[in-house]
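Chemist: Dumping the structure here so I can ask a few things about it.
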Amino acid sequence: MEVRSITAAEARTVRHPVLRAGLPPESAILEHDDDSATRHFGAFDDARLVGVATFFAEPCPLRPGPSAWRLRGMATLRDMQGRGGGRALVAEGIRVAVAAGATLMWCNARVTARGFYEKLGFVAVGDEFELPTSGRHYAMIKDLGEPS
């Protein structure tokens, strides 16, 4: 798997069928998608885009204070899950966030993805909650260490 920068529009081509199936295509447009500081990464299997993740600076409501980045729109095509693309995407997002001075990464993870994030060092905080367009989630955080 190769991870490289992609556009928001490219991210939506994987995000929509995986995270918003059955909803209109515009449901895959996320707040901050088109901000200049937002970073979108794609995991490629040869030339095929198989996974996406979006990262940007945003304070964590569960841990105010630390310089935090948020992970959103993480999606891997079903036939490519479990092959390392998701891990590589998160690693690249963390690398970029740390380089920008982040000390915390956070996300809202679907209940079905909790184990994936826990293997990457994220910790669930608080109770399970429901998001109207995407189901049951946990808030998850990962400490990234002190800035260097």
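To be explicit about the labels: the chains of the structure tokens are called A, B, and onward in the order shown, and within each one the residues are counted from 1, while ligands get numbers from 1 in the order they are shown.
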Which residues are near segment 41-44 of chain A? Cut-off 10 Å, only C-alpha atoms, ignore same chain within fewer than 2 positions. Put them as a ChimeraX atom specification.

Modeler: /A:1-8,10-11,14,39,46-55,74-76,84-90,92-93

Chemist: Go ahead and save the picked residues with N, CA, C and O atoms, as a compact mmCIF listing (two decimals), in the first residue's frame.

Modeler:
# COMPACT_ATOMS: atom_id res chain seq x y z
N MET A 1 0.85 -1.18 0.00
CA MET A 1 0.00 0.00 0.00
C MET A 1 0.89 1.24 0.00
O MET A 1 1.82 1.33 0.77
N GLU A 2 0.53 2.17 -0.85
CA GLU A 2 1.21 3.46 -0.87
C GLU A 2 0.22 4.51 -0.39
O GLU A 2 -0.93 4.53 -0.81
N VAL A 3 0.67 5.39 0.50
CA VAL A 3 -0.16 6.48 1.00
C VAL A 3 0.36 7.77 0.41
O VAL A 3 1.57 8.03 0.44
N ARG A 4 -0.56 8.57 -0.13
CA ARG A 4 -0.17 9.87 -0.65
C ARG A 4 -1.32 10.86 -0.50
O ARG A 4 -2.47 10.47 -0.28
N SER A 5 -0.99 12.14 -0.62
CA SER A 5 -2.00 13.19 -0.53
C SER A 5 -2.98 13.07 -1.68
O SER A 5 -2.59 12.74 -2.81
N ILE A 6 -4.25 13.36 -1.39
CA ILE A 6 -5.31 13.37 -2.39
C ILE A 6 -6.17 14.60 -2.15
O ILE A 6 -6.01 15.31 -1.16
N THR A 7 -7.12 14.84 -3.03
CA THR A 7 -8.06 15.96 -2.87
C THR A 7 -9.28 15.51 -2.08
O THR A 7 -9.54 14.30 -1.94
N ALA A 8 -10.04 16.48 -1.62
CA ALA A 8 -11.30 16.17 -0.94
C ALA A 8 -12.24 15.41 -1.87
O ALA A 8 -12.91 14.46 -1.45
N GLU A 10 -11.47 13.39 -4.29
CA GLU A 10 -11.01 12.00 -4.38
C GLU A 10 -11.39 11.23 -3.12
O GLU A 10 -11.81 10.07 -3.19
N ALA A 11 -11.25 11.85 -1.95
CA ALA A 11 -11.61 11.19 -0.70
C ALA A 11 -13.07 10.77 -0.69
O ALA A 11 -13.42 9.69 -0.22
N VAL A 14 -14.37 7.26 -2.09
CA VAL A 14 -14.34 6.08 -1.21
C VAL A 14 -15.23 6.32 0.00
O VAL A 14 -15.94 5.42 0.44
N ARG A 39 -5.85 18.07 5.53
CA ARG A 39 -5.03 17.13 4.78
C ARG A 39 -5.84 15.86 4.51
O ARG A 39 -6.41 15.27 5.43
N ASP A 46 -1.65 -0.46 -6.00
CA ASP A 46 -1.25 -0.11 -7.36
C ASP A 46 -1.86 1.26 -7.67
O ASP A 46 -1.64 2.18 -6.92
N ALA A 47 -2.66 1.38 -8.71
CA ALA A 47 -3.24 2.68 -9.05
C ALA A 47 -4.63 2.88 -8.44
O ALA A 47 -5.22 3.95 -8.58
N ARG A 48 -5.16 1.88 -7.76
CA ARG A 48 -6.53 1.92 -7.23
C ARG A 48 -6.57 2.56 -5.84
O ARG A 48 -5.89 2.11 -4.92
N LEU A 49 -7.39 3.61 -5.71
CA LEU A 49 -7.62 4.26 -4.41
C LEU A 49 -8.53 3.35 -3.60
O LEU A 49 -9.68 3.11 -3.98
N VAL A 50 -8.02 2.83 -2.48
CA VAL A 50 -8.78 1.84 -1.71
C VAL A 50 -9.12 2.30 -0.30
O VAL A 50 -9.93 1.67 0.37
N GLY A 51 -8.48 3.37 0.17
CA GLY A 51 -8.75 3.87 1.52
C GLY A 51 -8.48 5.35 1.59
O GLY A 51 -7.64 5.87 0.85
N VAL A 52 -9.20 6.04 2.48
CA VAL A 52 -9.05 7.49 2.63
C VAL A 52 -9.16 7.88 4.10
O VAL A 52 -9.79 7.19 4.90
N ALA A 53 -8.56 9.01 4.41
CA ALA A 53 -8.69 9.60 5.75
C ALA A 53 -8.42 11.09 5.64
O ALA A 53 -7.59 11.52 4.83
N THR A 54 -9.10 11.86 6.46
CA THR A 54 -8.99 13.31 6.47
C THR A 54 -8.56 13.76 7.86
O THR A 54 -9.09 13.27 8.86
N PHE A 55 -7.61 14.71 7.90
CA PHE A 55 -7.05 15.19 9.16
C PHE A 55 -7.00 16.71 9.16
O PHE A 55 -6.66 17.32 8.15
N MET A 74 -12.62 8.40 7.73
CA MET A 74 -11.75 7.25 7.51
C MET A 74 -12.58 6.13 6.88
O MET A 74 -13.61 5.73 7.42
N ALA A 75 -12.16 5.65 5.73
CA ALA A 75 -12.92 4.61 5.03
C ALA A 75 -11.99 3.77 4.17
O ALA A 75 -11.10 4.30 3.51
N THR A 76 -12.21 2.47 4.19
CA THR A 76 -11.47 1.54 3.33
C THR A 76 -12.49 0.66 2.61
O THR A 76 -13.44 0.17 3.24
N GLY A 84 -3.76 -3.38 5.76
CA GLY A 84 -2.76 -2.41 6.19
C GLY A 84 -2.96 -0.99 5.71
O GLY A 84 -2.25 -0.09 6.16
N GLY A 85 -3.90 -0.77 4.81
CA GLY A 85 -4.12 0.58 4.31
C GLY A 85 -4.58 1.54 5.39
O GLY A 85 -4.09 2.67 5.47
N GLY A 86 -5.51 1.13 6.21
CA GLY A 86 -6.01 1.98 7.29
C GLY A 86 -4.93 2.35 8.28
O GLY A 86 -4.80 3.51 8.68
N ARG A 87 -4.13 1.37 8.68
CA ARG A 87 -3.02 1.64 9.60
C ARG A 87 -2.06 2.65 9.00
O ARG A 87 -1.60 3.58 9.67
N ALA A 88 -1.76 2.48 7.72
CA ALA A 88 -0.83 3.39 7.05
C ALA A 88 -1.41 4.81 6.95
O ALA A 88 -0.67 5.79 7.12
N LEU A 89 -2.70 4.92 6.71
CA LEU A 89 -3.33 6.23 6.64
C LEU A 89 -3.26 6.95 7.99
O LEU A 89 -2.92 8.13 8.06
N VAL A 90 -3.59 6.24 9.06
CA VAL A 90 -3.54 6.85 10.39
C VAL A 90 -2.11 7.24 10.74
O VAL A 90 -1.86 8.33 11.26
N GLU A 92 0.28 8.14 8.74
CA GLU A 92 0.65 9.34 7.99
C GLU A 92 -0.03 10.58 8.57
O GLU A 92 0.59 11.64 8.70
N GLY A 93 -1.30 10.46 8.94
CA GLY A 93 -2.00 11.58 9.55
C GLY A 93 -1.36 11.99 10.87
O GLY A 93 -1.20 13.18 11.15

Chemist: Report as a PyMOL selection string all protein, DNA and RNA residues lying within 12 Å of segment 117-120 of chain A, evaluated on only C-alpha atoms, omitting residues in the same chain fewer than 2 positions from it.

Modeler: chain A and resi 71+74+84+86-91+94+105-115+122-125+138-144

Chemist: Keeping N, CA, C and O atoms, export the residues of the selection given above as a compact mmCIF listing (two decimals), in the first residue's frame.

Modeler:
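Output file again-v1.txt follows:
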# COMPACT_ATOMS: atom_id res chain seq x y z
N LEU A 71 -9.32 13.28 13.22
CA LEU A 71 -9.41 12.34 12.10
C LEU A 71 -10.88 12.18 11.76
O LEU A 71 -11.69 11.91 12.65
N MET A 74 -12.62 8.40 7.73
CA MET A 74 -11.75 7.25 7.51
C MET A 74 -12.58 6.13 6.88
O MET A 74 -13.61 5.73 7.42
N GLY A 84 -3.76 -3.38 5.76
CA GLY A 84 -2.76 -2.41 6.19
C GLY A 84 -2.96 -0.99 5.71
O GLY A 84 -2.25 -0.09 6.16
N GLY A 86 -5.51 1.13 6.21
CA GLY A 86 -6.01 1.98 7.29
C GLY A 86 -4.93 2.35 8.28
O GLY A 86 -4.80 3.51 8.68
N ARG A 87 -4.13 1.37 8.68
CA ARG A 87 -3.02 1.64 9.60
C ARG A 87 -2.06 2.65 9.00
O ARG A 87 -1.60 3.58 9.67
N ALA A 88 -1.76 2.48 7.72
CA ALA A 88 -0.83 3.39 7.05
C ALA A 88 -1.41 4.81 6.95
O ALA A 88 -0.67 5.79 7.12
N LEU A 89 -2.70 4.92 6.71
CA LEU A 89 -3.33 6.23 6.64
C LEU A 89 -3.26 6.95 7.99
O LEU A 89 -2.92 8.13 8.06
N VAL A 90 -3.59 6.24 9.06
CA VAL A 90 -3.54 6.85 10.39
C VAL A 90 -2.11 7.24 10.74
O VAL A 90 -1.86 8.33 11.26
N ALA A 91 -1.16 6.39 10.43
CA ALA A 91 0.25 6.71 10.71
C ALA A 91 0.68 7.98 9.99
O ALA A 91 1.38 8.83 10.56
N ILE A 94 -0.96 11.02 11.67
CA ILE A 94 -0.28 11.33 12.93
C ILE A 94 1.06 11.98 12.66
O ILE A 94 1.43 12.94 13.33
N MET A 105 -4.56 13.26 19.07
CA MET A 105 -5.39 12.95 17.89
C MET A 105 -6.72 12.43 18.44
O MET A 105 -6.73 11.65 19.40
N TRP A 106 -7.83 12.85 17.82
CA TRP A 106 -9.12 12.35 18.27
C TRP A 106 -10.04 12.09 17.08
O TRP A 106 -9.82 12.58 15.98
N CYS A 107 -11.05 11.27 17.33
CA CYS A 107 -12.03 10.95 16.29
C CYS A 107 -13.29 10.41 16.95
O CYS A 107 -13.29 10.06 18.12
N ASN A 108 -14.35 10.36 16.17
CA ASN A 108 -15.56 9.63 16.53
C ASN A 108 -15.53 8.36 15.70
O ASN A 108 -15.62 8.42 14.47
N ALA A 109 -15.39 7.23 16.37
CA ALA A 109 -15.24 5.95 15.68
C ALA A 109 -16.52 5.14 15.75
O ALA A 109 -17.13 5.04 16.81
N ARG A 110 -16.89 4.59 14.62
CA ARG A 110 -18.04 3.69 14.62
C ARG A 110 -17.77 2.54 15.60
O ARG A 110 -16.62 2.13 15.77
N VAL A 111 -18.82 2.04 16.22
CA VAL A 111 -18.70 0.95 17.18
C VAL A 111 -17.93 -0.22 16.56
O VAL A 111 -17.07 -0.82 17.20
N THR A 112 -18.20 -0.50 15.29
CA THR A 112 -17.55 -1.63 14.62
C THR A 112 -16.06 -1.40 14.38
O THR A 112 -15.33 -2.34 14.11
N ALA A 113 -15.60 -0.17 14.48
CA ALA A 113 -14.18 0.15 14.25
C ALA A 113 -13.40 0.36 15.54
O ALA A 113 -12.19 0.60 15.50
N ARG A 114 -14.04 0.24 16.67
CA ARG A 114 -13.36 0.51 17.96
C ARG A 114 -12.09 -0.33 18.10
O ARG A 114 -11.04 0.20 18.48
N GLY A 115 -12.16 -1.60 17.82
CA GLY A 115 -11.00 -2.48 17.96
C GLY A 115 -9.84 -2.05 17.07
O GLY A 115 -8.67 -2.11 17.48
N PHE A 122 -5.47 4.24 20.33
CA PHE A 122 -6.56 5.14 20.71
C PHE A 122 -7.31 4.52 21.89
O PHE A 122 -7.36 3.29 22.03
N VAL A 123 -7.93 5.38 22.70
CA VAL A 123 -8.69 4.95 23.86
C VAL A 123 -10.09 5.54 23.76
O VAL A 123 -10.25 6.75 23.49
N ALA A 124 -11.10 4.70 23.98
CA ALA A 124 -12.49 5.19 23.99
C ALA A 124 -12.72 6.02 25.24
O ALA A 124 -12.29 5.64 26.33
N VAL A 125 -13.40 7.15 25.07
CA VAL A 125 -13.69 8.04 26.19
C VAL A 125 -15.20 8.26 26.24
O VAL A 125 -15.81 8.66 25.24
N TYR A 138 -18.08 5.80 19.28
CA TYR A 138 -17.35 6.15 20.49
C TYR A 138 -16.43 7.31 20.17
O TYR A 138 -15.85 7.35 19.07
N ALA A 139 -16.26 8.23 21.11
CA ALA A 139 -15.21 9.23 20.99
C ALA A 139 -13.92 8.53 21.39
O ALA A 139 -13.87 7.79 22.37
N MET A 140 -12.86 8.74 20.59
CA MET A 140 -11.59 8.08 20.87
C MET A 140 -10.47 9.10 20.77
O MET A 140 -10.51 10.00 19.94
N ILE A 141 -9.48 8.93 21.65
CA ILE A 141 -8.35 9.84 21.67
C ILE A 141 -7.04 9.05 21.70
O ILE A 141 -6.99 7.91 22.16
N LYS A 142 -5.99 9.67 21.22
CA LYS A 142 -4.64 9.10 21.26
C LYS A 142 -3.68 10.21 21.62
O LYS A 142 -3.62 11.23 20.93
N ASP A 143 -2.96 10.03 22.72
CA ASP A 143 -1.91 10.97 23.08
C ASP A 143 -0.74 10.79 22.14
O ASP A 143 -0.32 9.67 21.89
N LEU A 144 -0.22 11.90 21.64
CA LEU A 144 0.88 11.86 20.68
C LEU A 144 2.21 12.27 21.30
O LEU A 144 3.24 12.28 20.62

Chemist: I'd like the contact shell of Ala102 of chain A - 12 Å cut-off, only C-alpha atoms, skipping same-chain residues fewer than 6 positions apart - returned as a list in words.

Modeler: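 Everything that qualifies: Phe55, Phe56, Ala57, Glu58, Pro59, Cys60, Gly65, Pro66, Ser67, Ala68, Trp69, Arg70, Gly93, Ile94, Arg95, Val96, Lys142, Asp143, Leu144, Gly145, Glu146, Pro147 and Ser148 of chain A.
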
Chemist: Among chain A, which ones does DSSP place in alpha helix (DSSP H), written as a PyMOL selection string?

Modeler: chain A and resi 8-19+85-99+114-119

Chemist: Could you check how far atom CA of Gly126 of chain A sits from atom CA of Leu62 of chain A, in Å to one decimal?

Modeler: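 Interatomic distance here is 8.8 Å.
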
Chemist: Select from segment 51-116 of chain A everything DSSP, run on the backbone, classes as strand (DSSP E), then give the selection as a ChimeraX atom specification.

Modeler: /A:51-57,68-76,104-110

Chemist: Keeping only N, CA, C and O atoms, write those residues as a compact mmCIF listing (two decimals), in the first residue's frame.

Modeler:
# COMPACT_ATOMS: atom_id res chain seq x y z
N GLY A 51 -8.48 3.37 0.17
CA GLY A 51 -8.75 3.87 1.52
C GLY A 51 -8.48 5.35 1.59
O GLY A 51 -7.64 5.87 0.85
N VAL A 52 -9.20 6.04 2.48
CA VAL A 52 -9.05 7.49 2.63
C VAL A 52 -9.16 7.88 4.10
O VAL A 52 -9.79 7.19 4.90
N ALA A 53 -8.56 9.01 4.41
CA ALA A 53 -8.69 9.60 5.75
C ALA A 53 -8.42 11.09 5.64
O ALA A 53 -7.59 11.52 4.83
N THR A 54 -9.10 11.86 6.46
CA THR A 54 -8.99 13.31 6.47
C THR A 54 -8.56 13.76 7.86
O THR A 54 -9.09 13.27 8.86
N PHE A 55 -7.61 14.71 7.90
CA PHE A 55 -7.05 15.19 9.16
C PHE A 55 -7.00 16.71 9.16
O PHE A 55 -6.66 17.32 8.15
N PHE A 56 -7.29 17.32 10.31
CA PHE A 56 -7.19 18.77 10.45
C PHE A 56 -7.11 19.14 11.93
O PHE A 56 -7.51 18.36 12.80
N ALA A 57 -6.57 20.32 12.19
CA ALA A 57 -6.48 20.82 13.56
C ALA A 57 -7.88 21.19 14.05
O ALA A 57 -8.60 21.91 13.36
N ALA A 68 -4.67 19.71 19.39
CA ALA A 68 -5.31 18.49 18.90
C ALA A 68 -5.61 18.56 17.41
O ALA A 68 -5.88 19.62 16.86
N TRP A 69 -5.51 17.40 16.79
CA TRP A 69 -5.95 17.20 15.41
C TRP A 69 -7.05 16.16 15.42
O TRP A 69 -7.06 15.25 16.27
N ARG A 70 -7.96 16.29 14.46
CA ARG A 70 -9.09 15.37 14.35
C ARG A 70 -8.95 14.52 13.09
O ARG A 70 -8.55 15.01 12.04
N LEU A 71 -9.32 13.28 13.22
CA LEU A 71 -9.41 12.34 12.10
C LEU A 71 -10.88 12.18 11.76
O LEU A 71 -11.69 11.91 12.65
N ARG A 72 -11.23 12.37 10.48
CA ARG A 72 -12.61 12.19 10.02
C ARG A 72 -12.62 11.45 8.69
O ARG A 72 -11.63 11.44 7.96
N GLY A 73 -13.76 10.88 8.37
CA GLY A 73 -13.96 10.30 7.05
C GLY A 73 -13.05 9.14 6.72
O GLY A 73 -12.76 8.89 5.56
N MET A 74 -12.62 8.40 7.73
CA MET A 74 -11.75 7.25 7.51
C MET A 74 -12.58 6.13 6.88
O MET A 74 -13.61 5.73 7.42
N ALA A 75 -12.16 5.65 5.73
CA ALA A 75 -12.92 4.61 5.03
C ALA A 75 -11.99 3.77 4.17
O ALA A 75 -11.10 4.30 3.51
N THR A 76 -12.21 2.47 4.19
CA THR A 76 -11.47 1.54 3.33
C THR A 76 -12.49 0.66 2.61
O THR A 76 -13.44 0.17 3.24
N LEU A 104 -2.28 15.53 20.52
CA LEU A 104 -3.44 14.66 20.69
C LEU A 104 -4.12 14.47 19.34
O LEU A 104 -4.24 15.42 18.56
N MET A 105 -4.56 13.26 19.07
CA MET A 105 -5.39 12.95 17.89
C MET A 105 -6.72 12.43 18.44
O MET A 105 -6.73 11.65 19.40
N TRP A 106 -7.83 12.85 17.82
CA TRP A 106 -9.12 12.35 18.27
C TRP A 106 -10.04 12.09 17.08
O TRP A 106 -9.82 12.58 15.98
N CYS A 107 -11.05 11.27 17.33
CA CYS A 107 -12.03 10.95 16.29
C CYS A 107 -13.29 10.41 16.95
O CYS A 107 -13.29 10.06 18.12
N ASN A 108 -14.35 10.36 16.17
CA ASN A 108 -15.56 9.63 16.53
C ASN A 108 -15.53 8.36 15.70
O ASN A 108 -15.62 8.42 14.47
N ALA A 109 -15.39 7.23 16.37
CA ALA A 109 -15.24 5.95 15.68
C ALA A 109 -16.52 5.14 15.75
O ALA A 109 -17.13 5.04 16.81
N ARG A 110 -16.89 4.59 14.62
CA ARG A 110 -18.04 3.69 14.62
C ARG A 110 -17.77 2.54 15.60
O ARG A 110 -16.62 2.13 15.77

Chemist: Rounded to one decimal in Å, what is the spacing between atom CA of Ala37 of chain A and atom CA of Ala9 of chain A?

Modeler: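 Here the two named atoms are 15.4 Å from each other.
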